[in-house]
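Source file final19.tsv; content: TSV, C-alpha atoms.
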```tsv
chain	number	residue	atom	x	y	z
A	751	MET	CA	0.00	0.00	0.00
A	752	SER	CA	2.80	2.44	0.82
A	753	ALA	CA	4.41	1.84	-2.58
A	754	ILE	CA	1.11	2.66	-4.31
A	755	PHE	CA	0.65	5.74	-2.16
A	756	ASP	CA	4.14	6.97	-3.00
A	757	ARG	CA	3.60	6.33	-6.71
A	758	LEU	CA	0.35	8.28	-6.67
A	759	GLN	CA	2.02	11.17	-4.88
A	760	ALA	CA	4.72	11.24	-7.54
A	761	LEU	CA	2.03	11.49	-10.21
A	762	LEU	CA	-0.43	13.86	-8.54
A	763	GLY	CA	1.50	15.66	-5.81
A	764	ALA	CA	0.80	15.53	-2.10
A	765	GLU	CA	-2.65	17.16	-2.43
A	766	GLY	CA	-3.81	14.71	-5.10
A	767	VAL	CA	-3.72	11.58	-2.95
A	768	GLU	CA	-5.08	10.67	0.48
A	769	ARG	CA	-6.11	7.63	2.45
A	770	ASP	CA	-9.72	6.61	2.81
A	771	PRO	CA	-11.21	5.68	6.20
A	772	HIS	CA	-9.98	2.10	5.71
A	773	GLY	CA	-6.42	3.18	4.94
A	774	LEU	CA	-6.70	2.54	1.20
A	775	PRO	CA	-4.72	4.92	-1.06
A	776	CYS	CA	-7.19	7.22	-2.82
A	777	ALA	CA	-6.28	9.29	-5.86
A	778	VAL	CA	-8.21	12.55	-6.22
A	779	PRO	CA	-7.24	13.86	-9.67
A	780	GLU	CA	-8.24	17.39	-10.65
A	781	SER	CA	-8.11	16.91	-14.43
A	782	ASP	CA	-8.55	14.39	-17.24
A	783	ASP	CA	-4.79	14.31	-17.76
A	784	ALA	CA	-4.13	13.47	-14.12
A	785	LEU	CA	-6.70	10.69	-14.23
A	786	VAL	CA	-5.10	9.28	-17.38
A	787	LEU	CA	-1.77	9.05	-15.54
A	788	VAL	CA	-3.38	7.20	-12.63
A	789	LEU	CA	-5.15	4.69	-14.89
A	790	GLN	CA	-2.04	4.07	-16.96
A	791	ALA	CA	0.00	3.44	-13.80
A	792	ALA	CA	-2.66	1.12	-12.41
A	793	ALA	CA	-2.88	-0.89	-15.64
A	794	ASP	CA	0.90	-1.19	-15.94
A	795	ALA	CA	1.31	-2.30	-12.33
A	796	GLY	CA	-1.74	-4.60	-12.29
A	797	TRP	CA	-3.48	-2.67	-9.52
A	798	ARG	CA	-7.19	-3.26	-8.96
A	799	LEU	CA	-9.11	-0.02	-8.67
A	800	ARG	CA	-12.52	1.06	-7.46
A	801	VAL	CA	-14.19	4.31	-8.52
A	802	GLU	CA	-15.93	6.61	-6.07
A	803	GLY	CA	-17.84	9.87	-6.27
A	804	GLN	CA	-18.72	11.24	-2.86
A	805	GLY	CA	-19.68	7.80	-1.59
A	806	SER	CA	-23.26	8.88	-0.89
A	807	TRP	CA	-24.92	6.21	-3.07
A	808	LEU	CA	-22.88	3.04	-3.58
A	809	PRO	CA	-20.89	1.98	-0.52
A	810	ALA	CA	-17.14	2.33	-1.04
A	811	ASP	CA	-16.41	-1.25	-0.03
A	812	ALA	CA	-15.23	-3.10	-3.15
A	813	PRO	CA	-11.87	-4.74	-2.37
A	814	ALA	CA	-9.13	-2.98	-4.34
A	815	ASP	CA	-5.53	-1.82	-4.25
A	816	LEU	CA	-6.51	1.81	-4.57
A	817	ALA	CA	-9.53	4.06	-5.02
A	818	VAL	CA	-10.08	6.90	-7.45
A	819	SER	CA	-12.47	9.67	-6.45
A	820	THR	CA	-13.94	12.12	-8.97
A	821	ARG	CA	-15.03	14.63	-6.35
A	822	ALA	CA	-12.29	17.13	-7.36
A	823	LEU	CA	-13.68	17.19	-10.92
A	824	ARG	CA	-16.46	19.58	-9.93
A	825	ARG	CA	-16.44	22.39	-12.49
A	826	ILE	CA	-19.51	23.50	-14.40
A	827	LEU	CA	-17.64	24.00	-17.66
A	828	GLU	CA	-20.37	25.65	-19.70
A	829	VAL	CA	-24.07	26.35	-19.71
A	830	SER	CA	-25.51	27.26	-23.12
A	831	PRO	CA	-29.09	28.61	-22.96
A	832	ASP	CA	-29.22	28.80	-26.77
A	833	ASP	CA	-28.32	25.13	-27.26
A	834	LEU	CA	-30.01	24.01	-24.03
A	835	VAL	CA	-26.87	22.09	-23.03
A	836	ALA	CA	-24.72	22.09	-19.89
A	837	THR	CA	-21.21	20.65	-19.87
A	838	VAL	CA	-20.15	19.56	-16.40
A	839	GLU	CA	-17.45	17.48	-14.79
A	840	ALA	CA	-18.37	14.20	-13.17
A	841	GLY	CA	-17.86	15.36	-9.60
A	842	VAL	CA	-20.34	18.25	-9.80
A	843	PRO	CA	-23.08	17.79	-7.16
A	844	LEU	CA	-26.60	17.79	-8.57
A	845	ASP	CA	-27.83	20.51	-6.20
A	846	LEU	CA	-24.97	22.80	-7.26
A	847	LEU	CA	-25.90	22.42	-10.93
A	848	ARG	CA	-29.59	22.88	-10.15
A	849	ALA	CA	-28.88	26.18	-8.41
A	850	GLU	CA	-26.79	27.47	-11.31
A	851	LEU	CA	-29.41	26.43	-13.87
A	852	GLU	CA	-32.24	28.01	-11.90
A	853	ARG	CA	-30.44	31.36	-11.99
A	854	GLN	CA	-30.59	31.10	-15.78
A	855	ARG	CA	-34.19	29.85	-15.83
A	856	LEU	CA	-33.04	26.42	-17.02
A	857	TRP	CA	-33.77	22.90	-15.78
A	858	LEU	CA	-32.23	19.42	-15.88
A	859	ALA	CA	-35.21	17.04	-15.78
A	860	ILE	CA	-33.79	14.31	-13.58
A	861	ASP	CA	-34.65	13.55	-9.95
A	862	PRO	CA	-32.62	10.47	-8.98
A	863	PRO	CA	-32.80	8.71	-5.63
A	864	GLY	CA	-30.21	9.67	-3.06
A	865	ARG	CA	-28.97	12.87	-1.48
A	866	PRO	CA	-29.36	16.21	-3.28
A	867	ASP	CA	-25.56	16.58	-3.41
A	868	ARG	CA	-25.11	13.30	-5.25
A	869	THR	CA	-22.59	13.73	-8.08
A	870	LEU	CA	-23.62	13.82	-11.74
A	871	GLY	CA	-21.03	11.13	-12.46
A	872	SER	CA	-22.72	8.77	-10.01
A	873	ILE	CA	-26.16	9.45	-11.46
A	874	VAL	CA	-25.03	8.87	-15.04
A	875	ALA	CA	-22.80	5.87	-14.26
A	876	THR	CA	-25.58	4.05	-12.44
A	877	GLY	CA	-28.41	5.32	-14.64
A	878	THR	CA	-30.65	5.92	-11.63
A	879	ALA	CA	-33.68	7.85	-12.86
A	880	GLY	CA	-36.42	9.09	-10.57
A	881	PRO	CA	-40.14	9.79	-11.00
A	882	LEU	CA	-39.53	12.40	-13.75
A	883	ARG	CA	-38.67	9.52	-16.06
A	884	GLN	CA	-42.42	9.41	-16.76
A	885	GLY	CA	-42.45	12.72	-18.60
A	886	PHE	CA	-38.87	13.15	-19.76
A	887	GLY	CA	-37.37	9.70	-20.22
A	888	PRO	CA	-34.52	7.82	-18.50
A	889	VAL	CA	-31.12	9.26	-17.66
A	890	ARG	CA	-29.67	8.23	-21.02
A	891	ASP	CA	-32.13	10.59	-22.75
A	892	GLN	CA	-30.65	13.51	-20.82
A	893	VAL	CA	-27.02	12.74	-21.73
A	894	LEU	CA	-25.80	13.86	-25.15
A	895	GLY	CA	-22.17	12.86	-24.74
A	896	VAL	CA	-19.51	11.92	-22.21
A	897	SER	CA	-15.77	11.89	-21.70
A	898	ALA	CA	-14.25	8.92	-19.91
A	899	VAL	CA	-10.90	7.31	-19.20
A	900	THR	CA	-10.66	3.59	-19.96
A	901	GLY	CA	-9.07	0.96	-17.76
A	902	ASP	CA	-5.79	1.20	-19.64
A	903	GLY	CA	-5.64	4.99	-19.50
A	904	ARG	CA	-7.16	6.15	-22.80
A	905	LEU	CA	-9.23	9.33	-22.79
A	906	ILE	CA	-12.25	8.85	-25.05
A	907	GLU	CA	-15.18	11.04	-26.02
A	908	ALA	CA	-18.54	9.62	-26.99
A	909	GLY	CA	-21.64	11.30	-28.36
A	910	GLY	CA	-21.89	14.99	-29.09
A	911	ARG	CA	-22.43	18.34	-27.45
A	912	VAL	CA	-25.78	19.25	-29.00
A	913	VAL	CA	-28.81	17.21	-29.91
A	914	LYS	CA	-28.34	17.52	-33.68
A	915	ASN	CA	-24.83	16.05	-33.46
A	916	VAL	CA	-25.97	12.74	-31.95
A	917	ALA	CA	-26.22	10.21	-34.77
A	918	GLY	CA	-25.41	6.58	-35.46
A	919	TYR	CA	-24.13	4.17	-32.82
A	920	ASP	CA	-23.50	6.16	-29.67
A	921	LEU	CA	-21.02	4.82	-27.12
A	922	THR	CA	-22.54	7.23	-24.62
A	923	LYS	CA	-25.25	4.66	-23.98
A	924	LEU	CA	-22.57	2.18	-22.89
A	925	HIS	CA	-21.36	4.47	-20.12
A	926	VAL	CA	-24.83	5.56	-18.94
A	927	GLY	CA	-25.77	2.82	-16.50
A	928	GLY	CA	-22.47	0.96	-16.99
A	929	PHE	CA	-21.56	1.30	-13.29
A	930	GLY	CA	-18.05	2.40	-14.24
A	931	ALA	CA	-17.19	-0.91	-15.88
A	932	PHE	CA	-16.11	0.68	-19.17
A	933	GLY	CA	-14.37	3.81	-17.96
A	934	VAL	CA	-14.22	6.55	-15.35
A	935	LEU	CA	-16.56	9.34	-16.37
A	936	THR	CA	-14.87	12.74	-16.28
A	937	ALA	CA	-17.38	15.03	-18.00
A	938	MET	CA	-20.75	14.97	-19.71
A	939	HIS	CA	-22.95	17.08	-21.97
A	940	LEU	CA	-26.45	17.26	-20.49
A	941	ARG	CA	-29.70	18.15	-22.21
A	942	LEU	CA	-31.54	21.05	-20.59
A	943	ARG	CA	-35.05	22.45	-20.71
A	944	ALA	CA	-36.60	25.76	-19.83
A	945	LEU	CA	-37.52	26.00	-16.15
A	946	PRO	CA	-41.25	25.27	-15.85
A	947	ALA	CA	-43.38	28.26	-15.03
A	948	LEU	CA	-45.40	26.09	-12.65
A	949	ASP	CA	-44.62	22.80	-10.91
A	950	VAL	CA	-47.56	21.22	-9.05
A	951	THR	CA	-47.83	17.98	-7.07
A	952	VAL	CA	-51.12	16.31	-6.18
A	953	VAL	CA	-51.53	13.12	-4.15
A	954	ALA	CA	-54.26	10.59	-3.48
A	955	ARG	CA	-54.25	7.92	-0.77
A	956	GLY	CA	-55.97	4.58	-0.43
A	957	SER	CA	-55.56	0.90	-1.19
A	958	ARG	CA	-52.95	-0.27	-3.67
A	959	ASP	CA	-55.59	-1.71	-6.02
A	960	THR	CA	-57.61	1.51	-6.05
A	961	LEU	CA	-54.59	3.69	-6.76
A	962	PHE	CA	-53.25	1.45	-9.51
A	963	LEU	CA	-56.68	1.57	-11.16
A	964	ALA	CA	-56.65	5.38	-11.00
A	965	ALA	CA	-53.12	5.48	-12.37
A	966	LEU	CA	-54.09	3.18	-15.24
A	967	GLU	CA	-57.03	5.46	-16.07
A	968	LEU	CA	-54.64	8.42	-16.30
A	969	VAL	CA	-52.20	6.50	-18.47
A	970	ARG	CA	-54.96	5.39	-20.85
A	971	ALA	CA	-56.26	8.95	-21.01
A	972	GLN	CA	-52.73	10.10	-21.85
A	973	ALA	CA	-52.77	12.63	-19.05
A	974	GLY	CA	-49.95	15.14	-19.39
A	975	VAL	CA	-48.15	14.35	-16.14
A	976	ALA	CA	-44.40	14.67	-15.58
A	977	ALA	CA	-44.46	11.97	-12.90
A	978	LEU	CA	-47.03	9.39	-11.82
A	979	GLU	CA	-45.87	7.20	-8.93
A	980	VAL	CA	-47.56	4.61	-6.75
A	981	LEU	CA	-45.75	4.63	-3.39
A	982	SER	CA	-45.78	2.11	-0.56
A	983	PRO	CA	-46.77	3.36	2.91
A	984	ALA	CA	-43.15	3.28	4.11
A	985	THR	CA	-42.00	5.39	1.15
A	986	ALA	CA	-44.67	8.04	1.64
A	987	ALA	CA	-44.36	7.89	5.46
A	988	GLY	CA	-48.07	7.25	5.94
A	989	PRO	CA	-50.51	4.47	6.82
A	990	GLU	CA	-51.78	4.00	3.26
A	991	TRP	CA	-50.48	3.64	-0.26
A	992	THR	CA	-50.08	6.94	-2.12
A	993	LEU	CA	-50.50	7.95	-5.75
A	994	ALA	CA	-48.51	11.08	-6.60
A	995	ALA	CA	-48.78	13.07	-9.83
A	996	ARG	CA	-46.45	15.92	-10.77
A	997	LEU	CA	-47.46	18.48	-13.38
A	998	THR	CA	-44.98	20.90	-14.98
A	999	GLY	CA	-45.20	23.52	-17.70
A	1000	THR	CA	-46.98	26.79	-18.29
A	1001	ALA	CA	-49.23	28.07	-15.53
A	1002	GLU	CA	-52.32	27.84	-17.74
A	1003	GLY	CA	-51.48	24.34	-18.95
A	1004	VAL	CA	-50.71	22.96	-15.50
A	1005	GLU	CA	-53.87	24.37	-13.96
A	1006	ALA	CA	-55.94	22.85	-16.77
A	1007	GLU	CA	-54.30	19.44	-16.33
A	1008	ALA	CA	-54.76	19.57	-12.54
A	1009	ALA	CA	-58.45	20.29	-12.99
A	1010	GLN	CA	-58.81	17.31	-15.34
A	1011	LEU	CA	-57.33	14.77	-12.93
A	1012	ALA	CA	-60.44	14.62	-10.78
A	1013	ALA	CA	-62.61	14.09	-13.86
A	1014	MET	CA	-60.40	11.29	-15.15
A	1015	THR	CA	-60.33	9.27	-11.91
A	1016	ARG	CA	-62.47	8.30	-8.94
A	1017	VAL	CA	-59.99	9.16	-6.18
A	1018	ARG	CA	-59.74	12.23	-3.98
A	1019	TRP	CA	-56.74	14.41	-4.85
A	1020	GLU	CA	-54.94	16.72	-2.44
A	1021	ARG	CA	-52.79	19.53	-3.82
A	1022	LEU	CA	-49.53	20.14	-1.98
A	1023	ASP	CA	-48.12	23.63	-1.61
A	1024	ALA	CA	-44.59	24.29	-2.89
A	1025	GLU	CA	-42.92	23.57	0.46
A	1026	GLN	CA	-44.91	20.39	1.00
A	1027	ALA	CA	-44.16	19.19	-2.53
A	1028	ALA	CA	-40.42	19.76	-2.14
A	1029	ALA	CA	-40.43	17.87	1.17
A	1030	PHE	CA	-42.50	15.05	-0.34
A	1031	TRP	CA	-40.21	14.41	-3.31
A	1032	THR	CA	-37.14	14.75	-1.09
A	1033	LEU	CA	-38.59	12.04	1.14
A	1034	VAL	CA	-39.14	9.80	-1.88
A	1035	ALA	CA	-35.62	10.42	-3.18
A	1036	ARG	CA	-33.91	9.74	0.15
A	1037	GLY	CA	-35.98	6.65	0.94
A	1038	PRO	CA	-33.57	4.08	-0.57
A	1039	LEU	CA	-30.76	5.43	1.62
A	1040	ASP	CA	-32.63	4.07	4.65
A	1041	ALA	CA	-32.06	0.49	3.45
A	1042	PRO	CA	-28.88	-1.44	2.62
A	1043	VAL	CA	-30.17	-2.70	-0.75
A	1044	ALA	CA	-31.93	-0.91	-3.61
A	1045	LEU	CA	-32.94	-2.51	-6.89
A	1046	ARG	CA	-34.96	-1.52	-9.90
A	1047	LEU	CA	-37.06	-3.40	-12.43
A	1048	GLY	CA	-38.23	-2.40	-15.88
A	1049	ALA	CA	-41.77	-3.56	-16.60
A	1050	LEU	CA	-44.12	-2.89	-19.47
A	1051	VAL	CA	-46.63	-0.21	-18.55
A	1052	ASP	CA	-49.58	-2.60	-18.66
A	1053	SER	CA	-47.82	-5.01	-16.28
A	1054	VAL	CA	-46.57	-2.58	-13.63
A	1055	GLU	CA	-49.21	-3.64	-11.11
A	1056	GLU	CA	-48.48	-7.34	-11.72
A	1057	VAL	CA	-44.72	-6.88	-11.32
A	1058	THR	CA	-45.24	-4.74	-8.23
A	1059	ALA	CA	-47.26	-7.58	-6.72
A	1060	LEU	CA	-44.46	-9.99	-7.58
A	1061	VAL	CA	-41.94	-7.79	-5.78
A	1062	THR	CA	-44.05	-7.37	-2.65
A	1063	GLU	CA	-44.89	-11.08	-2.50
A	1064	THR	CA	-41.21	-12.02	-2.77
A	1065	LEU	CA	-39.50	-9.27	-0.79
A	1066	GLY	CA	-42.27	-7.53	1.16
A	1067	GLU	CA	-43.59	-4.01	0.65
A	1068	GLY	CA	-40.39	-2.28	1.69
A	1069	LEU	CA	-39.64	1.17	0.31
A	1070	LEU	CA	-41.30	0.80	-3.07
A	1071	THR	CA	-42.09	3.21	-5.88
A	1072	ALA	CA	-43.80	2.18	-9.11
A	1073	GLY	CA	-43.86	4.42	-12.16
A	1074	ALA	CA	-47.33	3.77	-13.50
A	1075	GLY	CA	-46.57	5.39	-16.84
A	1076	SER	CA	-42.87	4.58	-17.16
A	1077	GLY	CA	-42.79	0.96	-15.98
A	1078	ALA	CA	-39.87	1.69	-13.66
A	1079	ILE	CA	-40.18	0.02	-10.25
A	1080	ARG	CA	-37.71	0.62	-7.42
A	1081	TRP	CA	-37.59	-1.34	-4.16
A	1082	ALA	CA	-35.34	-0.84	-1.16
A	1083	GLY	CA	-34.99	-2.96	1.94
A	1084	ALA	CA	-32.90	-5.71	3.49
A	1085	PRO	CA	-33.67	-8.84	1.46
A	1086	ALA	CA	-32.24	-12.27	2.09
A	1087	PRO	CA	-30.00	-13.31	-0.83
A	1088	ALA	CA	-32.24	-16.32	-1.51
A	1089	ALA	CA	-35.32	-14.09	-1.81
A	1090	LEU	CA	-33.44	-11.79	-4.17
A	1091	THR	CA	-32.47	-14.75	-6.32
A	1092	ARG	CA	-36.08	-15.94	-6.42
A	1093	LEU	CA	-37.19	-12.51	-7.59
A	1094	ARG	CA	-34.61	-12.44	-10.35
A	1095	HIS	CA	-35.65	-15.86	-11.62
A	1096	ALA	CA	-39.35	-14.98	-11.50
A	1097	ALA	CA	-38.69	-11.67	-13.25
A	1098	ALA	CA	-36.62	-13.43	-15.92
A	1099	GLN	CA	-39.58	-15.67	-16.72
A	1100	ARG	CA	-41.56	-12.50	-17.46
A	1101	GLU	CA	-38.64	-10.96	-19.41
A	1102	VAL	CA	-38.38	-8.19	-16.80
A	1103	PRO	CA	-34.80	-6.99	-16.20
A	1104	VAL	CA	-33.63	-6.40	-12.62
A	1105	THR	CA	-30.73	-4.10	-11.76
A	1106	LEU	CA	-29.12	-4.17	-8.34
A	1107	GLU	CA	-28.49	-0.46	-7.82
A	1108	ARG	CA	-26.81	-0.45	-4.44
A	1109	ALA	CA	-25.83	-3.13	-1.95
A	1110	PRO	CA	-22.86	-4.28	0.13
A	1111	TRP	CA	-20.02	-5.65	-2.00
A	1112	ALA	CA	-20.56	-9.28	-1.01
A	1113	LEU	CA	-24.12	-9.17	-2.32
A	1114	ARG	CA	-23.16	-7.20	-5.45
A	1115	GLN	CA	-20.48	-9.76	-6.24
A	1116	ALA	CA	-22.77	-12.73	-5.66
A	1117	VAL	CA	-25.76	-11.35	-7.55
A	1118	GLY	CA	-24.24	-8.90	-10.02
A	1119	HIS	CA	-25.48	-5.45	-10.92
A	1120	PHE	CA	-27.52	-6.57	-13.91
A	1121	GLY	CA	-30.33	-9.05	-14.21
A	1122	ALA	CA	-30.34	-9.43	-17.99
A	1123	TYR	CA	-32.79	-12.13	-18.98
A	1124	ARG	CA	-31.62	-12.85	-22.51
A	1125	GLU	CA	-28.95	-15.43	-23.19
A	1126	GLY	CA	-25.67	-14.12	-24.50
A	1127	VAL	CA	-25.76	-10.75	-22.72
A	1128	GLY	CA	-23.05	-11.87	-20.32
A	1129	ASN	CA	-20.74	-12.77	-23.20
A	1130	LEU	CA	-21.35	-9.39	-24.82
A	1131	VAL	CA	-20.50	-7.55	-21.59
A	1132	THR	CA	-17.33	-9.63	-21.24
A	1133	ARG	CA	-16.19	-8.66	-24.73
A	1134	LEU	CA	-16.96	-5.00	-24.15
A	1135	ARG	CA	-15.02	-5.03	-20.92
A	1136	ALA	CA	-12.06	-6.57	-22.71
A	1137	THR	CA	-12.14	-3.62	-25.11
A	1138	PHE	CA	-12.42	-0.85	-22.53
A	1139	ASP	CA	-10.65	-2.49	-19.59
A	1140	PRO	CA	-8.29	-5.08	-21.13
A	1141	ARG	CA	-6.25	-5.55	-17.95
A	1142	HIS	CA	-9.25	-5.83	-15.62
A	1143	THR	CA	-8.29	-2.72	-13.68
A	1144	PHE	CA	-11.80	-1.81	-12.59
A	1145	GLN	CA	-13.28	-3.69	-9.64
A	1146	VAL	CA	-16.93	-3.88	-10.70
A	1147	ALA	CA	-19.42	-6.70	-10.12
A	1148	LEU	CA	-21.38	-6.68	-13.36
A	1149	GLU	CA	-22.50	-10.29	-13.48
A	1150	ALA	CA	-23.22	-12.85	-10.81
A	1151	ARG	CA	-20.57	-15.47	-10.13
A	1152	ASP	CA	-22.94	-18.24	-11.10
A	1153	GLY	CA	-24.18	-16.33	-14.19
```

Here is a file; write its structure as structure tokens.
Amino acid sequence: MSAIFDRLQALLGAEGVERDPHGLPCAVPESDDALVLVLQAAADAGWRLRVEGQGSWLPADAPADLAVSTRALRRILEVSPDDLVATVEAGVPLDLLRAELERQRLWLAIDPPGRPDRTLGSIVATGTAGPLRQGFGPVRDQVLGVSAVTGDGRLIEAGGRVVKNVAGYDLTKLHVGGFGAFGVLTAMHLRLRALPALDVTVVARGSRDTLFLAALELVRAQAGVAALEVLSPATAAGPEWTLAARLTGTAEGVEAEAAQLAAMTRVRWERLDAEQAAAFWTLVARGPLDAPVALRLGALVDSVEEVTALVTETLGEGLLTAGAGSGAIRWAGAPAPAALTRLRHAAAQREVPVTLERAPWALRQAVGHFGAYREGVGNLVTRLRATFDPRHTFQVALEARDG
């Protein structure tokens, strides 16, 4: 360990390396070039490396010879109102970018789980979308391009800076949700929107069946909602299940849509004021942090209720959110490994992918991040990793040991 620490100091200087709470050498590069030097040294020496942001989402517990943190890469490089694009480094906290964009009447339409200061690199690398996926798509739809350093120290750029430049096969999609297996993200070009003139949240409470029926009525009516989530009692911190709808846009349009919700459904809606709405969505976002394990499933919209029932029957209600219009289901809790395996097998029979978003290393290694249900996906991932990390520098548990 001391030899690695000394080597990192020679590359980065005394301020560019530290020890983590477990005594592991941790490189904190402040530029792409510095990160390239670290990755080249690691590949040449055969060091195993784990990547960290601020450590607020995934636990920093993967066994490795050294860690690399992107938290010093925290510059907002450019915000272009004309192109509706922001270029930021991977260590920029989400709340910092939000504040800067709000000053310019701009908006990044993502609301991932976790703390508000979670880094953009963490959000993009894990692909963790929140309720706004309903209206604006998953994280990959908000990322136009990225810069990353591969396992053998090559700096690559994928995608483009503006929407019109994105064409053909885009390697950006490989890095979004790749959990750092194909490179350390250093910067990204993010798609922006105008800040909504009005942002309204309404909620209804009742039985799970009643709320799913109401949600399905809204989906079939093609209601213009930005988010439509069915939440377990633990997630909403109440005695009943909750259906939450978020409406964004012009003041006139939002008010019209809010008035239509009651006519479209047979539930009683309560409108939250701005402070209540902010607290509500913060509670939903932070919920998974209260549990050691968080996973997500991707269901077809017409099977969200069925897959939700499968999750609750196998793992219990837990901290659960179900995107009624997006098909995205997230569950957090403390499952037994055997129960988690049963869920993955049952989901595979329905061709529903499961992604283990966060968990202790032992569980991540045993189960793997991805629950791909199609044969041959594991071989494809192995080949891609050989291309971007030929010396197996990155310590990432993509696939389960037993496949």

Checklist entry - If we count all atoms listed in the file, what is near region 1033-1041 of chain A at a cut-off of 6 Å, once residues fewer than 6 positions away on the same chain are taken out, given as a ChimeraX atom specification? => result /A:863-864,1082-1083

Checklist entry - Pick from A:Ala753, A:Val969, A:Ala1097, A:Asp811: nearest to Leu1113 (chain A), with all atoms listed in the file counted? => result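 Closest residue, counting all atoms listed in the file: A:Asp811.
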
Item to check | Residues near Gly1073 (chain A), cut-off 8 Å, all atoms listed in the file, skip fewer than 6 positions along chain, as a PyMOL selection string | outcome: chain A and resi 881+884+977-980+1054+1079

Save the residues we just selected, C-alpha atoms, as a JSON list (two decimals), in the frame of the given file?
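Heads up, here's the output in part38.json:
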```json
[["chain", "number", "residue", "atom", "x", "y", "z"],
["A", 881, "PRO", "CA", -40.14, 9.79, -11.00],
["A", 884, "GLN", "CA", -42.42, 9.41, -16.76],
["A", 977, "ALA", "CA", -44.46, 11.97, -12.90],
["A", 978, "LEU", "CA", -47.03, 9.39, -11.82],
["A", 979, "GLU", "CA", -45.87, 7.20, -8.93],
["A", 980, "VAL", "CA", -47.56, 4.61, -6.75],
["A", 1054, "VAL", "CA", -46.57, -2.58, -13.63],
["A", 1079, "ILE", "CA", -40.18, 0.02, -10.25]]
```

Checklist outcome for this item: Using only C-alpha atoms, the shortest atom-to-atom distance to Val953 (chain A) among A:Leu799, A:Leu1022, A:Ala1078, A:Ala937 belongs to A:Leu1022

Checklist entry - Between A:Ala1147, A:Ala965, A:Val818, A:Leu808, which is the closest to Arg769 (chain A) once you count only C-alpha atoms? => result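 Smallest separation from Arg769 (chain A) among the options: A:Val818.
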
Checklist entry - Do you know which residues lie at most 8 Å from (-45.9, 1.5, -14.8), with coordinates as in the file and all atoms listed in the file counted, and could you write them as number ranges by chain? => result A: 1049-1055, 1072-1079

Checklist entry - Which protein, DNA or RNA residues are at most 9 Å from (-60.2, 10.9, -21.3) in the file's coordinates when you count all atoms listed in the file, listed as a PyMOL selection string? => result chain A and resi 967-968+970-973+1010+1013-1014

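Nearest to Phe1030 (chain A) of all the residues A:Leu1011, A:Glu1063, A:Pro771, A:Gly988 is A:Gly988, counting only C-alpha atoms.
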
Checklist entry - Mind pulling up the distance from CA of Asp959 (chain A) to CA of Ala1088 (chain A)? => result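 Distance between the two atoms: 27.9 Å.
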
Write out, as a Markdown table, each residue of region 1007-1107 of chain A that has an atom at most 12 Å from region 923-927 of chain A, together with the closest pair of atoms and their distance in Å to one decimal, counting only C-alpha atoms, rows going by chain and rising number.
```
| residue | atom | partner | partner_atom | distance |
| --- | --- | --- | --- | --- |
| A:Thr1105 | CA | A:Gly927 | CA | 9.7 |
| A:Leu1106 | CA | A:Gly927 | CA | 11.3 |
| A:Glu1107 | CA | A:Gly927 | CA | 9.7 |
```

Store the residues of this selection in a file with C-alpha atoms, as a short mmCIF file (atom, residue, chain, number, x, y, z; two decimals), in the coordinates of the input.
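selection-v4.cif, freshly written:
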```
data_model
loop_
_atom_site.label_atom_id
_atom_site.label_comp_id
_atom_site.auth_asym_id
_atom_site.auth_seq_id
_atom_site.Cartn_x
_atom_site.Cartn_y
_atom_site.Cartn_z
CA THR A 1105 -30.73 -4.10 -11.76
CA LEU A 1106 -29.12 -4.17 -8.34
CA GLU A 1107 -28.49 -0.46 -7.82
#
```

Next on the checklist: Calculated over all atoms listed in the file, which of the candidates A:Val899, A:Gly763, A:Trp797, A:Val952 has the smallest distance to Arg1018 (chain A)?
Outcome noted: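 Using all atoms listed in the file, the shortest distance to Arg1018 (chain A) belongs to A:Val952.
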
Item to check | Residue nearest Pro866 (chain A) among A:Ile754, A:Ala947, A:Leu847, A:Leu882 (counting only C-alpha atoms) | outcome: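 Looking at the shortest contact to Pro866 (chain A), the residue is A:Leu847.
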
For the structure just given, write the atoms of region 801-816 of chain A, namely C-alpha atoms, as a PDB file, in the first residue's frame.
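Output file part38.pdb is given in full below:
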```
ATOM      1  CA  VAL A 801     -14.192   4.310  -8.522  1.00  0.00           C
ATOM      2  CA  GLU A 802     -15.930   6.606  -6.068  1.00  0.00           C
ATOM      3  CA  GLY A 803     -17.838   9.865  -6.267  1.00  0.00           C
ATOM      4  CA  GLN A 804     -18.720  11.244  -2.858  1.00  0.00           C
ATOM      5  CA  GLY A 805     -19.683   7.799  -1.589  1.00  0.00           C
ATOM      6  CA  SER A 806     -23.258   8.876  -0.890  1.00  0.00           C
ATOM      7  CA  TRP A 807     -24.917   6.210  -3.073  1.00  0.00           C
ATOM      8  CA  LEU A 808     -22.882   3.043  -3.581  1.00  0.00           C
ATOM      9  CA  PRO A 809     -20.886   1.976  -0.521  1.00  0.00           C
ATOM     10  CA  ALA A 810     -17.137   2.326  -1.037  1.00  0.00           C
ATOM     11  CA  ASP A 811     -16.407  -1.250  -0.034  1.00  0.00           C
ATOM     12  CA  ALA A 812     -15.227  -3.098  -3.147  1.00  0.00           C
ATOM     13  CA  PRO A 813     -11.866  -4.743  -2.365  1.00  0.00           C
ATOM     14  CA  ALA A 814      -9.125  -2.982  -4.337  1.00  0.00           C
ATOM     15  CA  ASP A 815      -5.531  -1.824  -4.255  1.00  0.00           C
ATOM     16  CA  LEU A 816      -6.508   1.815  -4.567  1.00  0.00           C
TER      17      LEU A 816
END
```
